[in-house]
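Shown here: target-v2.txt, compact mmCIF, C-alpha atoms.
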```
# COMPACT_ATOMS: atom_id res chain seq x y z
CA MET A 1304 30.47 5.87 51.60
CA PHE A 1305 29.33 4.88 48.11
CA SER A 1306 27.14 7.54 46.43
CA PRO A 1307 25.83 7.00 42.88
CA TRP A 1308 25.58 10.73 42.20
CA SER A 1309 29.10 11.42 43.37
CA GLU A 1310 30.40 8.57 41.20
CA LEU A 1311 28.56 9.98 38.16
CA ARG A 1312 29.99 13.45 38.81
CA PHE A 1313 33.44 11.95 39.19
CA ALA A 1314 32.95 10.00 35.94
CA ALA A 1315 31.92 13.20 34.14
CA ARG A 1316 35.09 14.96 35.34
CA ARG A 1317 37.23 12.02 34.16
CA LEU A 1318 35.53 12.00 30.75
CA ARG A 1319 36.14 15.74 30.35
CA ARG A 1320 39.84 14.94 30.67
CA ALA A 1321 39.49 12.31 27.88
CA PRO A 1322 37.40 14.06 25.20
CA SER A 1323 38.65 11.87 22.34
CA PHE A 1324 37.58 8.68 24.07
CA ALA A 1325 34.17 10.08 25.09
CA THR A 1326 33.47 11.49 21.63
CA ALA A 1327 34.43 8.26 19.88
CA VAL A 1328 32.20 6.14 22.15
CA VAL A 1329 29.21 8.47 21.84
CA LEU A 1330 29.48 8.77 18.04
CA VAL A 1331 29.87 5.04 17.43
CA LEU A 1332 27.01 4.08 19.75
CA ALA A 1333 24.73 6.91 18.59
CA LEU A 1334 25.10 5.93 14.94
CA GLY A 1335 24.45 2.27 15.72
CA VAL A 1336 21.45 2.95 17.98
CA GLY A 1337 20.01 5.59 15.64
CA ALA A 1338 20.21 3.42 12.54
CA THR A 1339 18.76 0.38 14.30
CA THR A 1340 15.93 2.36 15.90
CA ALA A 1341 14.99 4.10 12.65
CA VAL A 1342 14.94 0.91 10.58
CA PHE A 1343 13.03 -1.01 13.25
CA SER A 1344 10.48 1.81 13.38
CA LEU A 1345 9.99 1.41 9.62
CA VAL A 1346 9.76 -2.38 9.91
CA ASN A 1347 7.26 -2.09 12.75
CA GLY A 1348 5.14 0.55 11.03
CA ILE A 1349 5.14 -1.13 7.61
CA LEU A 1350 5.41 -4.88 8.24
CA LEU A 1351 4.28 -5.59 11.79
CA GLU A 1352 1.56 -3.07 12.60
CA PRO A 1353 -1.86 -3.80 11.04
CA LEU A 1354 -3.31 -1.33 8.56
CA PRO A 1355 -5.09 1.60 10.27
CA PHE A 1356 -8.56 0.52 9.18
CA PRO A 1357 -11.32 -1.38 10.99
CA GLU A 1358 -10.79 -5.14 10.73
CA PRO A 1359 -7.87 -4.79 8.29
CA GLY A 1360 -7.54 -8.56 7.91
CA ARG A 1361 -10.74 -8.58 5.86
CA LEU A 1362 -9.44 -6.08 3.30
CA VAL A 1363 -8.10 -7.64 0.10
CA ARG A 1364 -6.68 -6.54 -3.23
CA LEU A 1365 -8.24 -7.96 -6.39
CA ARG A 1366 -6.04 -8.71 -9.39
CA HIS A 1367 -6.03 -10.98 -12.42
CA THR A 1368 -3.42 -13.38 -13.70
CA VAL A 1369 -3.22 -13.54 -17.49
CA ARG A 1370 -3.25 -17.25 -18.36
CA ASP A 1371 -1.34 -17.00 -21.64
CA ALA A 1372 1.25 -14.53 -20.34
CA GLY A 1373 3.09 -16.51 -17.68
CA ALA A 1374 3.05 -14.75 -14.32
CA ALA A 1375 1.84 -11.43 -15.70
CA THR A 1376 -0.86 -9.74 -13.64
CA VAL A 1377 -3.30 -6.95 -14.42
CA ASP A 1378 -5.72 -5.02 -12.25
CA GLN A 1379 -9.40 -4.36 -12.93
CA SER A 1380 -11.41 -2.91 -15.78
CA ASP A 1381 -14.68 -1.03 -15.48
CA ALA A 1382 -16.53 -4.14 -16.63
CA SER A 1383 -14.85 -6.55 -14.18
CA VAL A 1384 -15.45 -4.25 -11.19
CA MET A 1385 -19.13 -3.89 -12.05
CA LEU A 1386 -19.40 -7.65 -12.59
CA TYR A 1387 -17.85 -8.46 -9.20
CA GLN A 1388 -19.96 -5.84 -7.44
CA SER A 1389 -23.16 -7.37 -8.77
CA ALA A 1390 -22.44 -11.12 -8.67
CA ALA A 1391 -19.70 -11.91 -6.10
CA ARG A 1392 -20.94 -13.47 -2.86
CA ALA A 1393 -17.75 -13.61 -0.80
CA PHE A 1394 -17.52 -9.89 -0.08
CA ASP A 1395 -19.38 -7.29 1.91
CA GLY A 1396 -18.34 -4.81 -0.78
CA VAL A 1397 -16.13 -4.42 -3.85
CA ALA A 1398 -14.65 -1.01 -4.69
CA ALA A 1399 -12.07 0.40 -7.06
CA TRP A 1400 -9.86 3.44 -7.43
CA ARG A 1401 -7.21 5.00 -9.58
CA PHE A 1402 -5.10 8.11 -9.24
CA ALA A 1403 -6.53 11.19 -10.90
CA ASP A 1404 -4.58 12.22 -13.96
CA GLY A 1405 -1.90 14.75 -13.06
CA ILE A 1406 -2.04 17.36 -10.31
CA LEU A 1407 -5.44 18.91 -9.72
CA GLY A 1408 -6.01 22.62 -9.32
CA ALA A 1409 -8.61 23.47 -6.68
CA SER A 1410 -9.96 26.79 -5.45
CA VAL A 1411 -12.62 27.86 -3.00
CA HIS A 1412 -14.35 31.24 -2.98
CA ASP A 1413 -12.26 33.82 -1.08
CA GLN A 1414 -9.37 31.33 -0.82
CA SER A 1415 -6.16 31.06 -2.85
CA ALA A 1416 -5.96 28.27 -5.42
CA ILE A 1417 -4.02 25.15 -4.51
CA ARG A 1418 -2.54 22.23 -6.41
CA ALA A 1419 -3.21 18.77 -4.99
CA ARG A 1420 -3.10 15.10 -5.85
CA GLY A 1421 -6.37 13.27 -6.15
CA ALA A 1422 -7.89 9.84 -6.52
CA ARG A 1423 -11.03 8.76 -8.32
CA VAL A 1424 -12.97 6.17 -6.33
CA THR A 1425 -16.24 4.25 -6.56
CA SER A 1426 -19.11 5.49 -4.43
CA ASN A 1427 -18.70 2.64 -1.92
CA PHE A 1428 -14.93 3.13 -1.54
CA PHE A 1429 -15.05 4.57 1.98
CA ASP A 1430 -17.61 1.99 3.10
CA VAL A 1431 -15.33 -0.84 1.95
CA MET A 1432 -12.37 0.75 3.78
CA GLY A 1433 -14.55 1.02 6.89
CA VAL A 1434 -13.73 4.71 7.40
CA ARG A 1435 -16.30 7.46 7.72
CA PRO A 1436 -15.61 11.17 7.15
CA ALA A 1437 -14.93 13.31 10.18
CA LEU A 1438 -17.43 15.82 8.81
CA GLY A 1439 -20.24 15.36 6.35
CA ARG A 1440 -20.70 12.11 4.48
CA ALA A 1441 -19.05 9.79 1.99
CA PHE A 1442 -20.22 9.45 -1.58
CA ALA A 1443 -23.82 8.35 -1.94
CA PRO A 1444 -24.77 5.38 -4.14
CA GLY A 1445 -24.98 6.48 -7.74
CA GLU A 1446 -22.72 9.51 -7.41
CA ASP A 1447 -20.09 7.64 -9.42
CA ARG A 1448 -22.38 7.29 -12.43
CA PRO A 1449 -21.84 9.45 -15.52
CA GLY A 1450 -23.82 12.69 -15.24
CA ALA A 1451 -24.33 12.40 -11.45
CA ASN A 1452 -23.90 15.29 -9.03
CA ARG A 1453 -20.40 16.74 -9.04
CA VAL A 1454 -19.10 16.20 -5.52
CA VAL A 1455 -15.73 15.92 -3.77
CA VAL A 1456 -14.34 14.71 -0.44
CA LEU A 1457 -11.40 16.66 1.00
CA SER A 1458 -8.52 15.60 3.21
CA HIS A 1459 -8.18 16.85 6.78
CA ARG A 1460 -5.04 18.81 5.84
CA ILE A 1461 -6.74 20.83 3.11
CA TRP A 1462 -9.67 21.49 5.43
CA GLN A 1463 -7.36 22.78 8.16
CA GLN A 1464 -4.84 24.74 6.07
CA HIS A 1465 -7.00 26.16 3.30
CA LEU A 1466 -10.48 26.22 4.83
CA HIS A 1467 -9.21 27.06 8.33
CA GLY A 1468 -11.09 24.16 9.85
CA GLU A 1469 -14.47 25.80 9.28
CA PRO A 1470 -17.23 23.45 10.50
CA ASN A 1471 -19.56 24.74 7.75
CA ALA A 1472 -17.14 23.75 4.95
CA VAL A 1473 -19.41 20.86 3.97
CA GLY A 1474 -21.80 22.08 1.32
CA ARG A 1475 -19.49 24.78 -0.01
CA GLN A 1476 -18.36 24.89 -3.62
CA VAL A 1477 -14.81 24.06 -4.71
CA VAL A 1478 -13.59 24.37 -8.28
CA VAL A 1479 -11.46 21.34 -9.28
CA ASN A 1480 -9.80 21.72 -12.66
CA ASP A 1481 -12.37 24.35 -13.67
CA VAL A 1482 -15.27 22.07 -12.65
CA PRO A 1483 -17.44 23.30 -9.72
CA ARG A 1484 -17.97 20.58 -7.15
CA THR A 1485 -19.77 20.43 -3.83
CA ILE A 1486 -17.81 19.41 -0.73
CA VAL A 1487 -19.73 16.55 0.87
CA GLY A 1488 -17.18 15.27 3.38
CA ILE A 1489 -13.92 15.88 5.26
CA MET A 1490 -11.83 12.79 5.99
CA PRO A 1491 -10.23 12.06 9.41
CA LYS A 1492 -6.79 13.43 10.14
CA HIS A 1493 -4.79 10.22 9.69
CA PHE A 1494 -6.63 8.73 6.73
CA ALA A 1495 -4.07 8.28 3.93
CA TYR A 1496 -5.29 5.84 1.32
CA PRO A 1497 -4.55 5.14 -1.48
CA ALA A 1498 -1.43 7.25 -0.78
CA ASN A 1499 -0.14 9.83 1.68
CA HIS A 1500 -0.16 12.56 -0.94
CA VAL A 1501 -3.84 12.18 -1.93
CA GLU A 1502 -5.81 15.25 -0.82
CA LEU A 1503 -8.99 15.00 -2.92
CA TRP A 1504 -11.31 12.08 -3.61
CA LEU A 1505 -13.52 12.31 -6.68
CA PRO A 1506 -16.22 9.93 -7.93
CA LEU A 1507 -15.05 7.39 -10.47
CA ALA A 1508 -17.44 7.19 -13.42
CA ARG A 1509 -17.38 3.76 -15.03
CA ASP A 1510 -18.56 2.40 -18.35
CA PRO A 1511 -19.41 -1.33 -18.64
CA ALA A 1512 -18.22 -1.24 -22.25
CA HIS A 1513 -14.67 -0.65 -21.00
CA GLY A 1514 -13.58 -4.24 -20.53
CA ARG A 1515 -10.11 -4.21 -22.04
CA THR A 1516 -8.42 -1.40 -20.14
CA PHE A 1517 -7.25 -2.68 -16.73
CA ASP A 1518 -6.32 0.56 -15.00
CA LEU A 1519 -8.42 0.29 -11.81
CA VAL A 1520 -7.12 -1.00 -8.48
CA GLY A 1521 -9.76 -3.33 -7.05
CA ILE A 1522 -10.21 -3.68 -3.30
CA ALA A 1523 -12.83 -5.58 -1.34
CA ARG A 1524 -13.89 -6.44 2.19
CA LEU A 1525 -14.34 -10.13 2.85
CA LYS A 1526 -17.39 -11.38 4.64
CA ARG A 1527 -16.62 -12.67 8.12
CA GLY A 1528 -15.33 -16.21 8.04
CA VAL A 1529 -14.48 -16.16 4.32
CA SER A 1530 -10.87 -16.93 3.39
CA THR A 1531 -8.95 -15.46 0.47
CA ALA A 1532 -8.96 -18.89 -1.20
CA SER A 1533 -12.75 -19.09 -0.97
CA ALA A 1534 -13.06 -15.54 -2.29
CA GLN A 1535 -10.78 -16.36 -5.20
CA ALA A 1536 -12.91 -19.40 -6.05
CA ASP A 1537 -16.03 -17.23 -5.89
CA LEU A 1538 -14.55 -14.71 -8.34
CA ALA A 1539 -13.53 -17.55 -10.67
CA ARG A 1540 -17.13 -18.75 -10.57
CA VAL A 1541 -18.43 -15.28 -11.38
CA LEU A 1542 -15.94 -14.76 -14.17
CA GLY A 1543 -16.59 -18.20 -15.66
CA ALA A 1544 -20.37 -17.82 -15.56
CA SER A 1545 -20.36 -14.43 -17.27
CA SER A 1546 -20.23 -13.77 -20.96
CA PRO A 1547 -16.81 -12.21 -21.55
CA VAL A 1548 -17.11 -8.57 -22.53
CA THR A 1549 -13.93 -8.93 -24.55
CA SER A 1550 -11.68 -11.76 -25.63
CA ALA A 1551 -9.11 -10.45 -23.14
CA GLN A 1552 -11.44 -11.15 -20.22
CA SER A 1553 -11.69 -14.84 -21.14
CA HIS A 1554 -7.95 -15.27 -20.50
CA LEU A 1555 -8.04 -13.92 -16.93
CA ALA A 1556 -7.84 -15.84 -13.66
CA PRO A 1557 -8.85 -13.93 -10.48
CA GLN A 1558 -6.27 -13.39 -7.77
CA VAL A 1559 -7.16 -12.35 -4.20
CA GLN A 1560 -4.44 -11.08 -1.86
CA SER A 1561 -4.63 -9.41 1.53
CA LEU A 1562 -4.37 -5.65 1.20
CA GLN A 1563 -1.46 -5.47 3.64
CA ASP A 1564 0.54 -8.07 1.70
CA SER A 1565 -0.15 -6.21 -1.54
CA ILE A 1566 1.17 -2.98 0.01
CA VAL A 1567 4.25 -4.29 1.82
CA GLY A 1568 5.06 -7.26 -0.41
CA PRO A 1569 7.40 -5.39 -2.78
CA VAL A 1570 9.43 -3.92 0.11
CA SER A 1571 9.18 -6.53 2.90
CA GLN A 1572 12.23 -8.57 1.91
CA MET A 1573 14.31 -5.46 1.38
CA LEU A 1574 13.31 -4.02 4.78
CA TRP A 1575 14.16 -7.24 6.62
CA LEU A 1576 17.55 -7.36 4.89
CA VAL A 1577 18.23 -3.73 5.80
CA PHE A 1578 17.14 -4.39 9.39
CA GLY A 1579 19.48 -7.39 9.61
CA GLY A 1580 22.27 -5.23 8.24
CA VAL A 1581 21.82 -2.44 10.78
CA VAL A 1582 21.65 -4.98 13.63
CA LEU A 1583 25.05 -6.24 12.50
CA VAL A 1584 26.26 -2.63 12.40
CA LEU A 1585 25.05 -2.19 15.99
CA LEU A 1586 26.90 -5.35 17.06
CA VAL A 1587 30.08 -4.10 15.38
CA ALA A 1588 29.65 -0.73 17.11
CA CYS A 1589 29.25 -2.42 20.50
CA THR A 1590 32.35 -4.53 19.81
CA ASN A 1591 34.38 -1.45 18.95
CA VAL A 1592 33.17 0.36 22.06
CA ALA A 1593 34.07 -2.66 24.17
CA GLY A 1594 37.58 -2.53 22.69
CA LEU A 1595 37.87 1.17 23.59
CA PHE A 1596 36.82 0.44 27.16
CA LEU A 1597 39.39 -2.37 27.43
CA VAL A 1598 42.14 0.04 26.38
CA ARG A 1599 40.87 2.59 28.89
CA ALA A 1600 40.68 -0.06 31.63
CA GLU A 1601 44.43 -0.65 31.29
CA ARG A 1602 44.99 3.04 32.00
CA MET A 1603 42.69 2.89 35.06
CA GLN A 1604 44.71 0.24 36.87
CA LEU A 1605 46.43 2.87 38.99
CA GLU A 1606 43.11 4.38 40.13
CA LEU A 1607 41.79 0.90 40.96
CA ALA A 1608 44.94 0.16 42.98
CA VAL A 1609 44.58 3.44 44.93
CA ARG A 1610 40.91 2.68 45.68
CA GLY A 1611 41.86 -0.79 46.88
CA ALA A 1612 44.60 0.63 49.12
CA LEU A 1613 42.12 3.09 50.64
CA GLY A 1614 39.78 0.24 51.55
CA SER A 1615 37.31 0.42 48.71
CA GLY A 1616 35.48 -2.83 48.26
CA LEU A 1617 34.17 -4.57 45.16
CA GLY A 1618 31.29 -2.08 44.94
CA GLY A 1619 33.67 0.84 44.68
CA MET A 1620 35.71 -0.91 42.02
CA LEU A 1621 32.61 -1.63 39.95
CA ALA A 1622 31.32 1.92 40.45
CA LEU A 1623 34.53 3.33 38.98
CA THR A 1624 34.25 1.23 35.84
CA LEU A 1625 30.46 1.26 35.39
CA SER A 1626 29.81 4.96 36.04
CA GLU A 1627 31.56 5.99 32.82
CA SER A 1628 29.76 3.28 30.83
CA LEU A 1629 26.38 4.35 32.22
CA LEU A 1630 26.99 8.02 31.50
CA LEU A 1631 28.25 7.47 27.97
CA SER A 1632 25.44 5.02 27.22
CA ALA A 1633 22.83 7.56 28.33
CA VAL A 1634 24.32 10.30 26.16
CA ALA A 1635 24.75 7.99 23.17
CA GLY A 1636 21.21 6.62 23.55
CA SER A 1637 19.74 10.12 23.62
CA ALA A 1638 21.78 11.12 20.56
CA GLY A 1639 20.76 7.91 18.78
CA GLY A 1640 17.07 8.57 19.50
CA TRP A 1641 17.45 12.08 18.08
CA LEU A 1642 19.12 10.72 14.94
CA ALA A 1643 16.35 8.12 14.57
CA ALA A 1644 13.70 10.85 14.87
CA LEU A 1645 15.43 12.85 12.13
CA ALA A 1646 15.61 9.77 9.90
CA MET A 1647 11.91 8.99 10.43
CA SER A 1648 10.98 12.58 9.66
CA ALA A 1649 12.98 12.40 6.42
CA ALA A 1650 11.31 9.07 5.57
CA ARG A 1651 7.83 10.54 6.08
CA SER A 1652 8.75 13.52 3.91
CA ALA A 1653 9.88 11.09 1.22
CA GLY A 1654 6.53 9.30 1.33
CA MET A 1655 7.17 6.32 3.63
CA PRO A 1656 5.34 4.10 4.17
CA PRO A 1657 5.15 3.66 0.42
CA PRO A 1658 1.80 3.84 -1.35
CA PRO A 1659 0.33 0.64 -2.77
CA PRO A 1660 1.61 -0.26 -6.22
CA ALA A 1661 -0.81 0.91 -8.87
CA PRO A 1662 -0.84 1.81 -12.54
CA ARG A 1663 0.54 5.26 -13.15
CA PRO A 1664 -1.86 7.90 -14.41
CA GLY A 1665 -1.83 8.10 -18.16
CA ARG A 1666 -0.26 4.68 -18.60
CA ARG A 1667 -2.77 1.88 -19.10
CA ARG A 1668 -2.02 -1.80 -19.14
CA ARG A 1669 -3.90 -4.04 -21.50
CA ALA A 1670 -4.28 -7.78 -21.34
CA ARG A 1671 -3.36 -9.58 -24.47
```
For the file at hand, write its structure as C-alpha cells.
Amino acid sequence: MFSPWSELRFAARRLRRAPSFATAVVLVLALGVGATTAVFSLVNGILLEPLPFPEPGRLVRLRHTVRDAGAATVDQSDASVMLYQSAARAFDGVAAWRFADGILGASVHDQSAIRARGARVTSNFFDVMGVRPALGRAFAPGEDRPGANRVVVLSHRIWQQHLHGEPNAVGRQVVVNDVPRTIVGIMPKHFAYPANHVELWLPLARDPAHGRTFDLVGIARLKRGVSTASAQADLARVLGASSPVTSAQSHLAPQVQSLQDSIVGPVSQMLWLVFGGVVLVLLVACTNVAGLFLVRAERMQLELAVRGALGSGLGGMLALTLSESLLLSAVAGSAGGWLAALAMSAARSAGMPPPPPAPRPGRRRRAR
C-alpha cells in the first residue's frame, strides 16, 4: 500500500546514495530562494509598506527649486521654516530637523559615557510625525528658542542599555557634549527617524536672520483632504506674499513631495532592477534543477520498470519521482530562508532601510 512517510524515507535513502546530485540541487535552489526572499523583503519593507507613522500619507517633505539653477533643489533655512510655520494654511504642522554635528558624547551620573548620533529638531517635530514618547513628553513649545531650557529626548535603546530601563529616568540629568540637559522623554522602541542611528534628539534653535543657509530638512503634515499640489500652491502664495529675507529667497519655488517618495525615491528604481535580476536568477536556478532531475530520471527507468512489474499503479510511479523533489525542495527552502535571514540581518547592520537624504553635518548648501 502507498505510504507517504515510507516513500519519503525511501527517497532519503536514495539521496544518500547520490550526495553530489542532492548537494547540487539544494545549493542551487537555496541560493535562488535566499536571494529572491531577501531582496523581496527589502522591496516590501522599503517600497511597499507604508511608513511606520500614523497616517503616513499626510507626511510630506518640503524643498525648494532654485529658478535660475535648472533642476537644482535646496532644503529649508531658518527663515523659511519660521515663515511656513506662521503663514501656511495647508498643514497641521511644519517642522524641521538636521543631524547634529559629529558624534555626541553623553554621560549620566553613575553611568559610563557613551558616544551617539543625534538630531536637532524643532519643538513640534514629534507632533508632526504623530509619535509620542513612550515615557515622559516631547519638546514643549518654545524649547527650541535660543536660551530656552536645555532638554533632550533619548532613544529606547539608550534607555534600555545605559539607563537599564529605569522608569524614573525622565527628569534625570545627562551631559551632552559637556552641556547638562534634562531628559524629558524616551521614544518608543521602533521609532527611527530621521535615521536608524539617531539616539538623541535635541532642540533646534533657529534665527530668523538666517535666510541664506538651507541646511534644514523641512517636513509637514497635510491637513485632511489637502493634496500635495494644493499645499505647494499654498507655500508659493506664502513665499510670494512675504518680503524676501535675502535675494536668494526670491529665486525659490516651493516643492512638496510625499515623505515616503522622498525617502525611497533615490533607491526605488535600483531595488526594482535588483529584484527583477534575482527573479531571473531564481528562474535560471529552477531550470538548472529541472535539467538535473531529467538526467536523474533517465537513471530511474529501471526502478520505474520494476515498480510497474510488481503492480504499482500511476500513484506509485509519481510517488517515486515526486518524493525526492519534495524532500529536496523542503531542505533547499529552509536553507534559502536561513540565507535570507542572514542577508537581512547584514542589511540592517549596514543601515537599511536607508535614511532620508539630507545635507551632511558641516556642509551647507547655499542658493545662488
Scan for residues within 10 Å of the point (-6.0, 8.1, 8.9) in the coordinates of the file, using only C-alpha atoms, and reply as a list in words. Leu1354, Pro1355, Phe1356, Val1434, Ser1458, His1459, Met1490, Pro1491, Lys1492, His1493, Phe1494, Ala1495, Tyr1496 and Asn1499 of chain A
Kindly give the distance, in Å, that separates CA of Val1369 (chain A) and CA of His1554 (chain A), rounded to a single decimal.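 Distance between the two atoms: 5.9 Å.
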Using Å and a single decimal, report how far CA of Gly1488 (chain A) sits from CA of Gly1348 (chain A).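 Result for CA of Gly1348 (chain A) versus CA of Gly1488 (chain A): 27.8 Å, one decimal.
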Rank A:Val1336, A:Met1385, A:Ala1399, A:Leu1595 by their smallest atom-to-atom distance to Pro1506 (chain A), using only C-alpha atoms, and report the top residue only.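 Once distances to Pro1506 (chain A) are computed over only C-alpha atoms, the minimum belongs to A:Ala1399.
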Long-range neighbours of Glu1627 (chain A) as a list in words, 8 Å cut-off, all atoms listed in the file, 6 positions minimum in chain: Leu1311, Ala1314, Ala1315 and Leu1318 of chain A
Non-local contacts of Leu1542 (chain A) (12 Å; all atoms listed in the file; under 3 positions in same chain excluded) as a list in words: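 These residues fall inside the cut-off: His1367, Ala1382, Ser1383, Val1384, Met1385, Leu1386, Tyr1387, Gln1388, Ser1389, Ala1390, Ala1391, Gln1535, Ala1536, Asp1537, Leu1538, Ala1539, Ser1545, Ser1546, Pro1547, Val1548, Gln1552, Ser1553, His1554, Leu1555, Ala1556, Pro1557 and Gln1558 of chain A.
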What does the distance from CA of Ala1341 (chain A) to CA of Ser1626 (chain A) come to in Å, to one decimal? 27.7 Å
Give me, as a PyMOL selection string, all polymer residues having an atom no more than 10 Å from region 1579-1587 of chain A, counting only C-alpha atoms and skipping those fewer than 2 positions away in the same chain. chain A and resi 1331-1343+1573-1577+1589-1593
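Counting only C-alpha atoms and comparing A:Leu1507, A:Ala1443, A:Leu1525, A:Ala1512, the residue that lies closest to Ala1393 (chain A) is A:Leu1525.
Nearest residue to Ile1489 (chain A) among A:Val1455, A:Arg1509, A:Arg1366, A:Ile1522 is A:Val1455, counting all atoms listed in the file.
Between Leu1330 (chain A) and the residues A:Ala1588, A:Arg1524, A:Gly1421, A:Val1482, the shortest atom-to-atom distance, using all atoms listed in the file, involves A:Ala1588.
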